[in-house]
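Shown next: target.txt, given as compact mmCIF, C-alpha atoms and all ligand atoms.
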```
# COMPACT_ATOMS: atom_id res chain seq x y z
CA MET A 896 74.87 92.66 126.17
CA LYS A 897 71.33 94.00 126.42
CA VAL A 898 70.73 97.35 124.71
CA GLY A 899 67.91 99.89 125.02
CA ILE A 900 67.58 102.68 122.44
CA ILE A 901 66.21 106.11 123.37
CA GLY A 902 64.60 107.39 120.16
CA ALA A 903 64.71 104.70 117.49
CA SER A 904 62.85 106.19 114.54
CA GLY A 905 65.66 108.32 113.09
CA ILE A 906 69.35 107.40 113.28
CA GLY A 907 68.42 105.23 116.26
CA LYS A 908 67.21 102.46 113.96
CA HIS A 909 70.74 102.18 112.56
CA HIS A 910 72.14 101.98 116.09
CA ALA A 911 69.69 99.13 116.74
CA LYS A 912 70.86 97.39 113.56
CA TRP A 913 74.58 97.73 114.30
CA PHE A 914 74.25 96.71 117.97
CA GLY A 915 72.22 93.71 116.81
CA LEU A 916 74.79 92.75 114.16
CA ALA A 917 77.56 93.04 116.76
CA GLY A 918 75.82 90.31 118.78
CA CYS A 919 73.91 92.48 121.26
CA ASP A 920 70.31 91.93 122.17
CA VAL A 921 68.24 95.08 121.55
CA THR A 922 65.47 94.43 124.06
CA ALA A 923 63.64 97.78 124.12
CA PHE A 924 63.38 101.27 122.72
CA THR A 925 61.55 104.50 123.46
CA GLY A 926 59.52 106.90 121.33
CA THR A 927 57.31 109.89 122.05
CA SER A 928 53.93 108.13 121.66
CA ARG A 929 52.45 104.63 121.51
CA GLU A 930 51.56 105.32 117.90
CA SER A 931 55.07 106.30 116.81
CA CYS A 932 56.47 103.33 118.77
CA ARG A 933 54.14 100.94 116.95
CA HIS A 934 55.36 102.31 113.64
CA THR A 935 59.01 102.09 114.70
CA THR A 936 58.50 98.52 115.93
CA GLY A 937 57.52 97.54 112.38
CA VAL A 938 60.55 99.31 110.92
CA LEU A 939 62.92 97.68 113.41
CA HIS A 940 61.33 94.28 112.93
CA ASP A 941 61.98 94.47 109.18
CA LEU A 942 65.47 95.93 109.64
CA MET A 943 66.86 93.65 112.36
CA GLY A 944 64.13 91.32 113.63
CA PHE A 945 63.26 93.41 116.71
CA ASP A 946 60.65 91.80 118.96
CA GLY A 947 61.29 93.63 122.24
CA ARG A 948 59.35 96.12 124.35
CA ILE A 949 58.43 99.77 123.81
CA TYR A 950 58.30 102.71 126.23
CA THR A 951 57.22 106.32 125.92
CA ASP A 952 59.40 107.41 128.88
CA TYR A 953 63.05 106.43 129.03
CA ARG A 954 62.89 106.35 132.86
CA ASP A 955 60.38 103.51 132.68
CA MET A 956 62.71 101.66 130.33
CA LEU A 957 65.62 102.13 132.76
CA ASP A 958 63.44 100.94 135.68
CA GLN A 959 61.84 97.95 134.04
CA GLU A 960 64.50 96.54 131.70
CA THR A 961 67.74 94.83 132.72
CA LEU A 962 70.06 96.66 130.36
CA ASP A 963 73.83 96.87 129.96
CA ILE A 964 73.87 99.69 127.40
CA VAL A 965 71.69 102.64 126.55
CA SER A 966 72.03 104.20 123.14
CA ILE A 967 70.79 107.81 123.04
CA CYS A 968 69.40 108.93 119.68
CA SER A 969 66.92 111.61 120.78
CA PRO A 970 67.14 115.36 120.05
CA PRO A 971 70.29 116.96 121.51
CA GLU A 972 68.54 119.13 124.09
CA THR A 973 67.14 115.98 125.76
CA HIS A 974 70.45 114.06 125.97
CA LEU A 975 71.77 115.35 129.26
CA ASP A 976 69.15 113.94 131.64
CA GLN A 977 69.21 110.66 129.73
CA ILE A 978 73.01 110.40 129.96
CA ARG A 979 72.97 111.26 133.67
CA ASP A 980 70.21 108.79 134.57
CA ALA A 981 71.63 105.93 132.50
CA LEU A 982 75.17 106.36 133.84
CA GLN A 983 73.84 106.69 137.40
CA ALA A 984 71.99 103.42 136.87
CA GLY A 985 75.41 101.86 136.21
CA LEU A 986 74.90 101.40 132.46
CA HIS A 987 77.27 102.08 129.60
CA VAL A 988 76.09 104.88 127.32
CA TYR A 989 76.52 105.45 123.62
CA CYS A 990 75.21 108.88 122.63
CA GLU A 991 74.62 110.63 119.35
CA LYS A 992 76.38 113.91 118.74
CA PRO A 993 76.26 116.59 120.00
CA VAL A 994 76.63 115.37 123.58
CA THR A 995 74.07 118.02 124.46
CA TRP A 996 72.84 121.35 123.21
CA MET A 997 70.54 124.06 124.46
CA SER A 998 67.24 125.42 123.29
CA ALA A 999 67.26 128.00 120.49
CA GLU A 1000 66.19 130.72 122.99
CA ALA A 1001 69.07 129.97 125.36
CA ILE A 1002 71.75 130.11 122.68
CA SER A 1003 70.34 133.32 121.20
CA PHE A 1004 70.79 134.89 124.60
CA ALA A 1005 74.25 133.41 124.97
CA LEU A 1006 75.48 134.89 121.71
CA THR A 1007 75.15 138.50 122.86
CA PRO A 1008 77.39 140.20 123.66
CA CYS A 1009 80.41 138.50 122.16
CA PRO A 1010 83.02 137.87 124.90
CA SER A 1011 86.67 138.77 124.50
CA SER A 1012 88.13 137.50 127.78
CA ASP A 1013 91.02 135.09 127.89
CA ILE A 1014 89.63 132.81 130.60
CA SER A 1015 89.55 129.12 129.85
CA GLY A 1016 86.15 127.64 129.11
CA PRO A 1017 83.08 129.47 127.86
CA SER A 1018 82.35 132.95 129.24
CA HIS A 1019 78.57 133.10 129.20
CA PRO A 1020 76.81 131.81 132.32
CA THR A 1021 74.34 129.77 130.21
CA LEU A 1022 77.18 127.96 128.50
CA GLN A 1023 79.24 127.57 131.67
CA SER A 1024 76.25 126.07 133.41
CA LEU A 1025 75.50 123.61 130.59
CA LEU A 1026 79.14 122.54 130.47
CA GLU A 1027 79.17 122.00 134.24
CA LYS A 1028 75.94 119.97 134.09
CA THR A 1029 77.51 117.87 131.33
CA ARG A 1030 80.60 117.27 133.47
CA ILE A 1031 78.37 116.14 136.35
CA ALA A 1032 76.24 113.91 134.08
CA LEU A 1033 79.37 112.27 132.64
CA ALA A 1034 81.08 111.81 136.04
CA PRO A 1035 80.64 108.00 136.25
CA ALA A 1036 82.27 107.68 132.83
CA LEU A 1037 84.98 110.27 133.57
CA THR A 1038 85.98 108.22 136.62
CA GLY A 1039 85.95 104.97 134.65
CA GLN A 1040 82.94 103.27 136.29
CA SER A 1041 81.08 103.05 132.97
CA VAL A 1042 82.03 103.51 129.34
CA PHE A 1043 80.66 106.49 127.44
CA GLY A 1044 80.99 106.84 123.67
CA LEU A 1045 79.96 109.83 121.58
CA ASN A 1046 78.90 109.04 118.05
CA THR A 1047 81.00 111.47 116.05
CA GLN A 1048 81.75 108.72 113.62
CA TYR A 1049 84.26 110.47 111.34
CA THR A 1050 86.96 109.72 113.92
CA ALA A 1051 86.63 106.09 112.76
CA VAL A 1052 88.28 107.11 109.49
CA GLN A 1053 91.47 108.37 111.05
CA GLN A 1054 93.68 105.28 110.81
CA ALA A 1055 92.75 104.70 107.16
CA TYR A 1056 93.28 108.40 106.43
CA LYS A 1057 96.74 108.31 108.04
CA THR A 1058 97.76 105.28 105.96
CA LEU A 1059 96.59 107.04 102.78
CA TYR A 1060 98.40 110.24 103.78
CA GLU A 1061 101.65 108.39 104.49
CA THR A 1062 101.44 106.49 101.20
CA HIS A 1063 101.30 109.76 99.27
CA ARG A 1064 103.14 112.16 101.54
CA GLY A 1065 105.43 110.19 103.84
CA ALA A 1066 105.38 110.45 107.64
CA MET A 1067 102.89 112.84 109.19
CA ASP A 1068 105.15 114.86 111.47
CA VAL A 1069 103.64 118.15 112.51
CA ILE A 1070 100.00 118.96 111.83
CA GLU A 1071 100.09 122.55 110.65
CA LYS A 1072 96.69 122.81 108.97
CA VAL A 1073 93.35 121.10 109.46
CA TYR A 1074 90.42 121.62 107.10
CA PHE A 1075 86.82 120.45 107.01
CA ILE A 1076 83.90 121.17 104.76
CA LEU A 1077 80.83 119.33 105.94
CA GLU A 1078 77.53 119.86 104.22
CA SER A 1079 74.20 118.84 105.67
CA LYS A 1080 70.69 118.64 104.26
CA GLY A 1081 69.33 120.43 107.31
CA ILE A 1082 68.28 119.51 110.76
CA SER A 1083 64.59 118.65 110.77
CA GLY A 1084 63.33 122.04 111.87
CA ARG A 1085 65.41 122.20 115.03
CA HIS A 1086 67.63 125.29 115.40
CA ASN A 1087 66.99 125.91 111.78
CA ASP A 1088 68.65 129.29 111.59
CA PHE A 1089 72.08 130.67 112.25
CA GLU A 1090 73.81 128.56 114.88
CA GLY A 1091 71.79 125.45 113.95
CA ILE A 1092 74.35 124.14 111.50
CA TRP A 1093 77.07 124.63 114.11
CA ALA A 1094 75.04 122.78 116.74
CA ASP A 1095 74.39 119.97 114.29
CA MET A 1096 77.76 119.47 112.62
CA SER A 1097 80.63 121.10 114.53
CA SER A 1098 81.09 118.10 116.83
CA HIS A 1099 82.10 115.97 113.82
CA ALA A 1100 84.95 118.32 112.92
CA LEU A 1101 85.97 118.98 116.52
CA SER A 1102 86.13 115.29 117.42
CA GLN A 1103 88.56 114.68 114.57
CA LEU A 1104 90.60 117.68 115.64
CA ILE A 1105 90.78 116.40 119.23
CA ALA A 1106 91.86 113.01 117.95
CA TRP A 1107 94.53 114.52 115.69
CA ILE A 1108 95.93 116.85 118.35
CA PRO A 1109 94.96 115.30 121.70
CA ASP A 1110 96.78 117.79 123.93
CA GLY A 1111 95.96 120.87 121.84
CA SER A 1112 94.43 124.00 123.22
CA LEU A 1113 92.39 126.72 121.59
CA ASP A 1114 94.01 130.10 120.93
CA LEU A 1115 91.07 132.33 121.88
CA GLY A 1116 92.53 135.42 120.23
CA SER A 1117 92.74 133.61 116.88
CA ILE A 1118 89.03 132.77 116.56
CA SER A 1119 86.99 134.10 113.69
CA CYS A 1120 83.51 132.64 113.32
CA ILE A 1121 81.02 133.99 110.80
CA ILE A 1122 77.52 132.66 111.28
CA GLN A 1123 75.14 132.96 108.35
CA LYS A 1124 71.73 131.40 107.85
CA ASN A 1125 72.99 128.52 105.74
CA GLN A 1126 76.67 128.45 106.51
CA THR A 1127 79.09 128.87 109.39
CA VAL A 1128 82.80 129.30 108.79
CA ALA A 1129 85.16 129.14 111.77
CA ARG A 1130 88.89 129.75 111.66
CA PHE A 1131 91.14 129.39 114.68
CA LYS A 1132 94.46 128.09 115.95
CA TYR A 1133 94.42 124.84 117.88
CA GLY A 1134 97.71 123.43 119.16
CA SER A 1135 100.15 123.37 116.24
CA ALA A 1136 97.44 123.83 113.61
CA ARG A 1137 95.55 126.54 111.82
CA VAL A 1138 92.05 125.16 111.47
CA GLU A 1139 89.23 126.02 109.09
CA VAL A 1140 85.79 124.50 109.53
CA VAL A 1141 83.13 125.17 106.89
CA LEU A 1142 79.66 123.89 107.73
CA ALA A 1143 76.95 124.46 105.17
CA LYS A 1144 73.41 123.49 104.32
CA ASN A 1145 72.96 121.96 100.92
CA VAL A 1146 69.50 120.78 100.01
CA GLN A 1147 70.03 120.72 96.27
CA SER A 1148 72.92 118.48 95.34
CA VAL A 1149 75.17 115.69 96.60
CA LEU A 1150 76.56 116.57 100.01
CA ARG A 1151 80.24 117.49 100.10
CA ARG A 1152 82.19 116.09 103.04
CA GLN A 1153 85.87 116.76 102.66
CA PHE A 1154 88.59 116.91 105.28
CA GLY A 1155 92.26 116.49 105.92
CA VAL A 1156 95.43 117.85 107.40
CA ASN A 1157 98.31 119.74 105.81
CA ASP A 1158 96.30 120.25 102.60
CA PHE A 1159 95.94 116.49 102.02
CA LEU A 1160 92.18 116.53 101.54
CA VAL A 1161 90.03 113.43 101.07
CA ASP A 1162 86.38 113.18 100.08
CA TYR A 1163 84.01 111.08 102.14
CA GLU A 1164 81.15 109.24 100.50
CA GLY A 1165 78.64 106.90 102.17
CA LYS A 1166 76.80 104.55 99.82
CA ALA A 1167 75.90 100.94 99.13
CA ASP A 1168 78.68 98.77 97.70
CA ASP A 1169 78.21 96.20 94.89
CA GLN A 1170 76.58 93.78 97.36
CA GLY A 1171 74.15 96.45 98.56
CA VAL A 1172 75.95 96.91 101.90
CA TYR A 1173 76.20 100.53 103.07
CA ARG A 1174 79.89 101.44 103.30
CA THR A 1175 82.30 104.32 103.56
CA PHE A 1176 84.35 105.38 100.55
CA ILE A 1177 87.33 107.69 101.09
CA HIS A 1178 88.62 109.19 97.86
CA TYR A 1179 91.97 110.83 97.25
CA GLU A 1180 92.62 111.59 93.60
CA LYS A 1181 92.45 108.13 91.92
CA ASP A 1182 92.77 106.16 95.18
CA THR A 1183 89.68 104.92 97.01
CA VAL A 1184 89.70 103.25 100.42
CA ILE A 1185 86.54 101.32 101.35
CA LEU A 1186 85.61 100.90 105.00
CA ASP A 1187 82.58 99.61 106.86
CA ASP A 1188 79.90 102.12 107.77
CA LEU A 1189 81.48 104.58 110.20
CA VAL A 1190 78.65 104.30 112.74
CA GLN A 1191 79.11 100.53 112.70
CA LEU A 1192 82.88 100.92 113.24
CA SER A 1193 82.25 103.38 116.08
CA ILE A 1194 79.74 101.12 117.81
CA ASP A 1195 82.08 98.13 117.45
CA ARG A 1196 84.86 100.18 119.04
CA PHE A 1197 82.56 101.24 121.90
CA LEU A 1198 81.74 97.55 122.54
CA ASP A 1199 85.46 96.71 122.46
CA ALA A 1200 86.03 99.43 125.06
CA ILE A 1201 83.44 97.83 127.34
CA GLY A 1202 85.17 94.46 126.95
CA ASP A 1203 88.68 95.81 127.49
CA ARG A 1204 89.13 99.04 129.43
CA HIS A 1205 92.53 99.58 127.76
CA VAL A 1206 90.62 100.25 124.54
CA LYS A 1207 89.06 103.70 124.28
CA PRO A 1208 85.97 104.63 122.27
CA PHE A 1209 86.85 106.79 119.27
CA SER A 1210 85.32 109.67 121.20
CA GLY A 1211 84.94 109.03 124.94
CA ALA A 1212 83.64 111.05 127.89
CA ARG A 1213 86.64 113.36 128.16
CA ASP A 1214 86.62 113.97 124.40
CA ALA A 1215 82.88 114.69 124.48
CA LEU A 1216 83.34 117.28 127.20
CA LYS A 1217 86.24 118.91 125.38
CA ASN A 1218 84.24 118.85 122.15
CA LEU A 1219 81.35 120.70 123.77
CA GLU A 1220 83.66 123.22 125.42
CA LEU A 1221 85.45 124.01 122.15
CA SER A 1222 82.15 124.24 120.29
CA MET A 1223 80.82 126.76 122.80
CA MET A 1224 84.00 128.83 123.00
CA ILE A 1225 84.18 129.20 119.23
CA LEU A 1226 80.48 129.90 118.79
CA GLU A 1227 80.27 132.56 121.47
CA ARG A 1228 82.94 134.50 119.63
CA GLY A 1229 80.96 134.27 116.43
CA SER A 1230 79.10 137.04 114.75
CA ARG A 1231 75.90 136.74 112.75
CA ARG A 1232 75.75 138.16 109.28
N1 LIG B 1301 76.05 110.95 113.61
C1 LIG B 1301 75.30 111.33 112.60
O1 LIG B 1301 75.71 111.33 111.43
C2 LIG B 1301 73.90 111.74 112.85
C3 LIG B 1301 72.95 111.78 111.83
C4 LIG B 1301 71.63 112.14 112.15
C5 LIG B 1301 71.30 112.48 113.45
N2 LIG B 1301 72.27 112.45 114.42
C6 LIG B 1301 71.94 112.81 115.81
O2 LIG B 1301 71.02 111.85 116.32
C7 LIG B 1301 70.12 112.47 117.23
C8 LIG B 1301 68.69 112.22 116.74
O3 LIG B 1301 68.55 112.76 115.45
P1 LIG B 1301 67.50 112.18 114.41
O4 LIG B 1301 67.75 112.91 113.14
O5 LIG B 1301 67.52 110.69 114.42
O6 LIG B 1301 66.17 112.76 115.05
P2 LIG B 1301 64.69 112.37 114.80
O7 LIG B 1301 64.54 111.72 113.46
O8 LIG B 1301 63.92 113.57 115.10
O9 LIG B 1301 64.47 111.23 115.92
C9 LIG B 1301 64.54 111.55 117.23
C10 LIG B 1301 64.06 110.34 118.05
O10 LIG B 1301 63.95 110.78 119.39
C11 LIG B 1301 62.60 110.68 119.83
N3 LIG B 1301 62.27 111.90 120.56
C12 LIG B 1301 61.81 113.09 120.08
N4 LIG B 1301 61.63 113.97 121.09
C13 LIG B 1301 62.01 113.31 122.21
C14 LIG B 1301 62.04 113.69 123.58
N5 LIG B 1301 61.70 114.91 123.99
N6 LIG B 1301 62.47 112.76 124.48
C15 LIG B 1301 62.83 111.53 124.08
N7 LIG B 1301 62.82 111.11 122.80
C16 LIG B 1301 62.41 112.00 121.88
C17 LIG B 1301 61.74 110.52 118.58
O11 LIG B 1301 60.60 109.77 118.94
P3 LIG B 1301 59.48 109.31 117.88
O12 LIG B 1301 59.99 108.02 117.35
O13 LIG B 1301 58.25 109.19 118.70
O14 LIG B 1301 59.41 110.39 116.84
C18 LIG B 1301 62.69 109.82 117.64
O15 LIG B 1301 62.65 108.42 117.80
C19 LIG B 1301 70.52 113.94 117.29
O16 LIG B 1301 71.38 114.14 118.38
C20 LIG B 1301 71.26 114.16 115.97
O17 LIG B 1301 72.22 115.20 116.04
C21 LIG B 1301 73.54 112.08 114.14
```
Can you dump the structure from the file as structure tokens?
Ligand SMILES: NC(=O)c1ccc[n+]([C@@H]2O[C@H](COP(=O)([O-])OP(=O)(O)OC[C@H]3O[C@@H](n4cnc5c(N)ncnc54)[C@H](OP(=O)(O)O)[C@@H]3O)[C@@H](O)[C@H]2O)c1
Amino acid sequence: MKVGIIGASGIGKHHAKWFGLAGCDVTAFTGTSRESCRHTTGVLHDLMGFDGRIYTDYRDMLDQETLDIVSICSPPETHLDQIRDALQAGLHVYCEKPVTWMSAEAISFALTPCPSSDISGPSHPTLQSLLEKTRIALAPALTGQSVFGLNTQYTAVQQAYKTLYETHRGAMDVIEKVYFILESKGISGRHNDFEGIWADMSSHALSQLIAWIPDGSLDLGSISCIIQKNQTVARFKYGSARVEVVLAKNVQSVLRRQFGVNDFLVDYEGKADDQGVYRTFIHYEKDTVILDDLVQLSIDRFLDAIGDRHVKPFSGARDALKNLELSMMILERGSRR
């Protein structure tokens, strides 16, 4: 499988590494300038032996390379055109979260006034329009022509979490409560205030929620969402569960990432193991489960889904669309403090 990466200097370099380790051939990547691409080439060469081609426009890469997969690791507000063009070119697409987002100006407009209607989907025209464009961009994947995977990698933890839960608690029957606290160091200057943390992190929590309760729906009347400069707290009912999502910036200490259902909360930690390999550690009291890096697991699953259409990515096209819709519907009922 030949892979092209759109935006390889940030998390994209890890995509290149994991695709390479899975046996794919990363033949090209894009950056914003020749200079940044030259720098990234050196980084990728050291990281995974990259010796492919560079582009400063993803459309040139799509035209000139013979790719099977495009991995999108650019800023969220650029994802949509890239997804659309790559899927229309018949390629499989792996995309970083969030599937898309809007400019800071557009979302500021969308947040006033707060809607109260009980229609399904977002109320504001800006949000409706973005959701519709996303549906159109994802169409080849929604109809099964190509595979689309969204990198909300915490869904890769779910099987291990369930085993841990059942060891301590017995069978997981009804999910009555879902809780997340996800801290982030910040988002590189993009959307740095208010809704920025929601744009950056909510898709992680929502993708797990969708995976836990696949046929759930959002109770619009139950939503409370308080948006502060460094923290957003959303509470709502989704299917059988009362959900609380706490997203916070933390630039001072070790990031807290804790989640679970029915008050069975585990702590996530990503760090190098004794052999220096970056891994996932899931802690519950004195128990620790060690998994491969979650992005690696998610990319492996995406590749499995390409090889066998009975296998689904941890978060596929339909999940990505639902994720965006939920994210918008909760946020537009938020209030800034
Ligand atoms: N799943 C996770 O845990 C996780 C963690 C971090 C980030 N992410 C997501 O990954 C994506 C990228 O984030 P990042 O932190 O890696 O960002 P970043 O460090 O800013 O890197 C963005 C990459 O995109 C390129 N780029 C910038 N503007 C572009 C444009 N207008 N068109 C095309 N390419 C452009 C940059 O090119 P240059 O190389 O020229 O600078 C760079 O390679 C975001 O969607 C973010 O939410 C996910």
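With distances taken over only C-alpha atoms and all ligand atoms, A:Ile1194 is the one residue among A:Ile1118, A:Ile1031, A:Ile1194, A:Val1128 lying closest to ligand LIG 1301 (chain B).
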Do you know which residues are within 9 Å of ligand LIG 1301 (chain B) using all atoms listed in the file? Can you write them as a PyMOL selection string?
chain A and resi 900-908+924-932+934-935+951-953+967-974+977+990-996+1045-1049+1082-1083+1085+1094-1096+1099+1189-1190
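Between atom CA of A:Tyr1133 and atom CA of A:Val1073 the interatomic distance comes to 9.3 Å.
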Find the spatial neighbours of A:Val1146, counting all atoms listed in the file, within a cut-off of 10 Å - ignore same-chain residues fewer than 3 positions away - and output them as a PDB file with C-alpha atoms, in the coordinates of the input.
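part_38.pdb written:
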```pdb
ATOM      1  CA  GLU A1078      77.530 119.860 104.220  1.00  0.00           C
ATOM      2  CA  SER A1079      74.200 118.840 105.670  1.00  0.00           C
ATOM      3  CA  LYS A1080      70.690 118.640 104.260  1.00  0.00           C
ATOM      4  CA  GLY A1081      69.330 120.430 107.310  1.00  0.00           C
ATOM      5  CA  ALA A1143      76.950 124.460 105.170  1.00  0.00           C
ATOM      6  CA  VAL A1149      75.170 115.690  96.600  1.00  0.00           C
ATOM      7  CA  LEU A1150      76.560 116.570 100.010  1.00  0.00           C
TER       8      LEU A1150
END
```
I want to know what sits within 8 Å of stretch 1059-1070 of chain A, based on all atoms listed in the file, with residues of the same chain fewer than 4 positions away left out; could you give that as a PDB file with C-alpha atoms, in the coordinates of the input?
```pdb
ATOM      1  CA  ALA A1055      92.750 104.700 107.160  1.00  0.00           C
ATOM      2  CA  ILE A1108      95.930 116.850 118.350  1.00  0.00           C
ATOM      3  CA  SER A1135     100.150 123.370 116.240  1.00  0.00           C
ATOM      4  CA  ALA A1136      97.440 123.830 113.610  1.00  0.00           C
ATOM      5  CA  VAL A1156      95.430 117.850 107.400  1.00  0.00           C
ATOM      6  CA  ASN A1157      98.310 119.740 105.810  1.00  0.00           C
ATOM      7  CA  PHE A1159      95.940 116.490 102.020  1.00  0.00           C
TER       8      PHE A1159
END
```
Selected residue of minimal separation from A:Val1138 among A:Glu1090, A:Glu1164, A:Asp1110, A:Glu1071, counting all atoms listed in the file:
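Nearest to A:Val1138: A:Glu1071.
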Point out the residue among A:Ile1105, A:Leu1226, A:Val965, A:Val1042 with the least atom-to-atom distance to A:Ile1122, counting only C-alpha atoms.
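Ranked by minimum distance to A:Ile1122, first place goes to A:Leu1226.
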Between atom CA of A:Ser1117 and atom CA of A:Phe1131, distance in Å (one decimal)
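Spanning atom CA of A:Ser1117 to atom CA of A:Phe1131 is a straight-line distance of 5.0 Å.
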Restricting the calculation to only C-alpha atoms: of A:Lys912, A:Ala1106, A:Tyr1056, A:Cys1120, which residue gets closest to A:Phe1176?
A:Tyr1056
Atom pair atom CA of A:Gly1016 / atom CA of A:Leu982: separation (Å):
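Computing it gives 24.4 Å between the two atoms.
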Hey, what's within 10 Å of A:Gln1191 if we count all atoms listed in the file and toss same-chain stuff fewer than 2 positions away? As a list of chain:residue names, please?
A:His909, A:His910, A:Lys912, A:Trp913, A:Phe914, A:Leu916, A:Ala917, A:Gln1048, A:Ala1051, A:Arg1174, A:Asp1187, A:Asp1188, A:Leu1189, A:Ser1193, A:Ile1194, A:Asp1195, A:Arg1196, A:Phe1197
Please determine, counting only C-alpha atoms, which residue among A:Ser1041, A:Thr1183, A:Gln983, A:Ser1018 has the shortest atom-to-atom distance to A:Gly1202.
A:Ser1041
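With only C-alpha atoms as the basis for measurement, A:Asp1214 is the residue among A:Phe1075, A:Gly1091, A:Leu1022, A:Asp1214 that approaches A:Pro1109 most closely.
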Could you add the missing atoms to stretch 1204-1210 of chain A, up to all heavy atoms, and return them as an mmCIF file, in the coordinates of the input?
```cif
data_model
loop_
_atom_site.group_PDB
_atom_site.id
_atom_site.type_symbol
_atom_site.label_atom_id
_atom_site.label_comp_id
_atom_site.auth_asym_id
_atom_site.auth_seq_id
_atom_site.Cartn_x
_atom_site.Cartn_y
_atom_site.Cartn_z
ATOM 1 N N ARG A 1204 89.045 97.622 129.042
ATOM 2 C CA ARG A 1204 89.130 99.040 129.430
ATOM 3 C C ARG A 1204 90.429 99.716 128.949
ATOM 4 O O ARG A 1204 90.579 100.922 129.100
ATOM 5 C CB ARG A 1204 88.976 99.203 130.942
ATOM 6 C CG ARG A 1204 87.597 98.796 131.475
ATOM 7 C CD ARG A 1204 86.474 99.608 130.826
ATOM 8 N NE ARG A 1204 85.161 99.153 131.239
ATOM 9 C CZ ARG A 1204 84.477 99.648 132.265
ATOM 10 N NH1 ARG A 1204 84.971 100.641 132.974
ATOM 11 N NH2 ARG A 1204 83.300 99.159 132.567
ATOM 12 N N HIS A 1205 91.364 98.926 128.364
ATOM 13 C CA HIS A 1205 92.530 99.580 127.760
ATOM 14 C C HIS A 1205 92.184 100.182 126.400
ATOM 15 O O HIS A 1205 92.894 101.024 125.870
ATOM 16 C CB HIS A 1205 93.688 98.588 127.594
ATOM 17 C CG HIS A 1205 94.221 98.118 128.905
ATOM 18 N ND1 HIS A 1205 93.914 96.902 129.443
ATOM 19 C CD2 HIS A 1205 95.005 98.744 129.805
ATOM 20 C CE1 HIS A 1205 94.501 96.781 130.625
ATOM 21 N NE2 HIS A 1205 95.167 97.898 130.865
ATOM 22 N N VAL A 1206 91.083 99.701 125.833
ATOM 23 C CA VAL A 1206 90.620 100.250 124.540
ATOM 24 C C VAL A 1206 89.730 101.444 124.842
ATOM 25 O O VAL A 1206 88.908 101.408 125.753
ATOM 26 C CB VAL A 1206 89.805 99.173 123.769
ATOM 27 C CG1 VAL A 1206 89.235 99.747 122.482
ATOM 28 C CG2 VAL A 1206 90.664 97.952 123.492
ATOM 29 N N LYS A 1207 89.892 102.507 124.084
ATOM 30 C CA LYS A 1207 89.060 103.700 124.280
ATOM 31 C C LYS A 1207 88.068 103.838 123.123
ATOM 32 O O LYS A 1207 88.422 103.532 121.979
ATOM 33 C CB LYS A 1207 89.931 104.979 124.282
ATOM 34 C CG LYS A 1207 90.991 104.987 125.360
ATOM 35 C CD LYS A 1207 90.389 105.312 126.710
ATOM 36 C CE LYS A 1207 91.368 105.092 127.832
ATOM 37 N NZ LYS A 1207 90.812 104.392 128.996
ATOM 38 N N PRO A 1208 86.868 104.309 123.399
ATOM 39 C CA PRO A 1208 85.970 104.630 122.270
ATOM 40 C C PRO A 1208 86.644 105.684 121.387
ATOM 41 O O PRO A 1208 87.519 106.421 121.860
ATOM 42 C CB PRO A 1208 84.739 105.230 122.970
ATOM 43 C CG PRO A 1208 84.837 104.822 124.392
ATOM 44 C CD PRO A 1208 86.296 104.654 124.700
ATOM 45 N N PHE A 1209 86.233 105.765 120.133
ATOM 46 C CA PHE A 1209 86.850 106.790 119.270
ATOM 47 C C PHE A 1209 86.670 108.168 119.870
ATOM 48 O O PHE A 1209 87.528 109.030 119.759
ATOM 49 C CB PHE A 1209 86.238 106.730 117.859
ATOM 50 C CG PHE A 1209 86.730 105.559 117.056
ATOM 51 C CD1 PHE A 1209 85.840 104.677 116.468
ATOM 52 C CD2 PHE A 1209 88.086 105.352 116.890
ATOM 53 C CE1 PHE A 1209 86.287 103.601 115.720
ATOM 54 C CE2 PHE A 1209 88.560 104.273 116.142
ATOM 55 C CZ PHE A 1209 87.648 103.390 115.563
ATOM 56 N N SER A 1210 85.517 108.405 120.489
ATOM 57 C CA SER A 1210 85.320 109.670 121.200
ATOM 58 C C SER A 1210 84.658 109.335 122.543
ATOM 59 O O SER A 1210 83.495 108.938 122.589
ATOM 60 C CB SER A 1210 84.435 110.590 120.346
ATOM 61 O OG SER A 1210 84.363 111.858 120.937
#
```
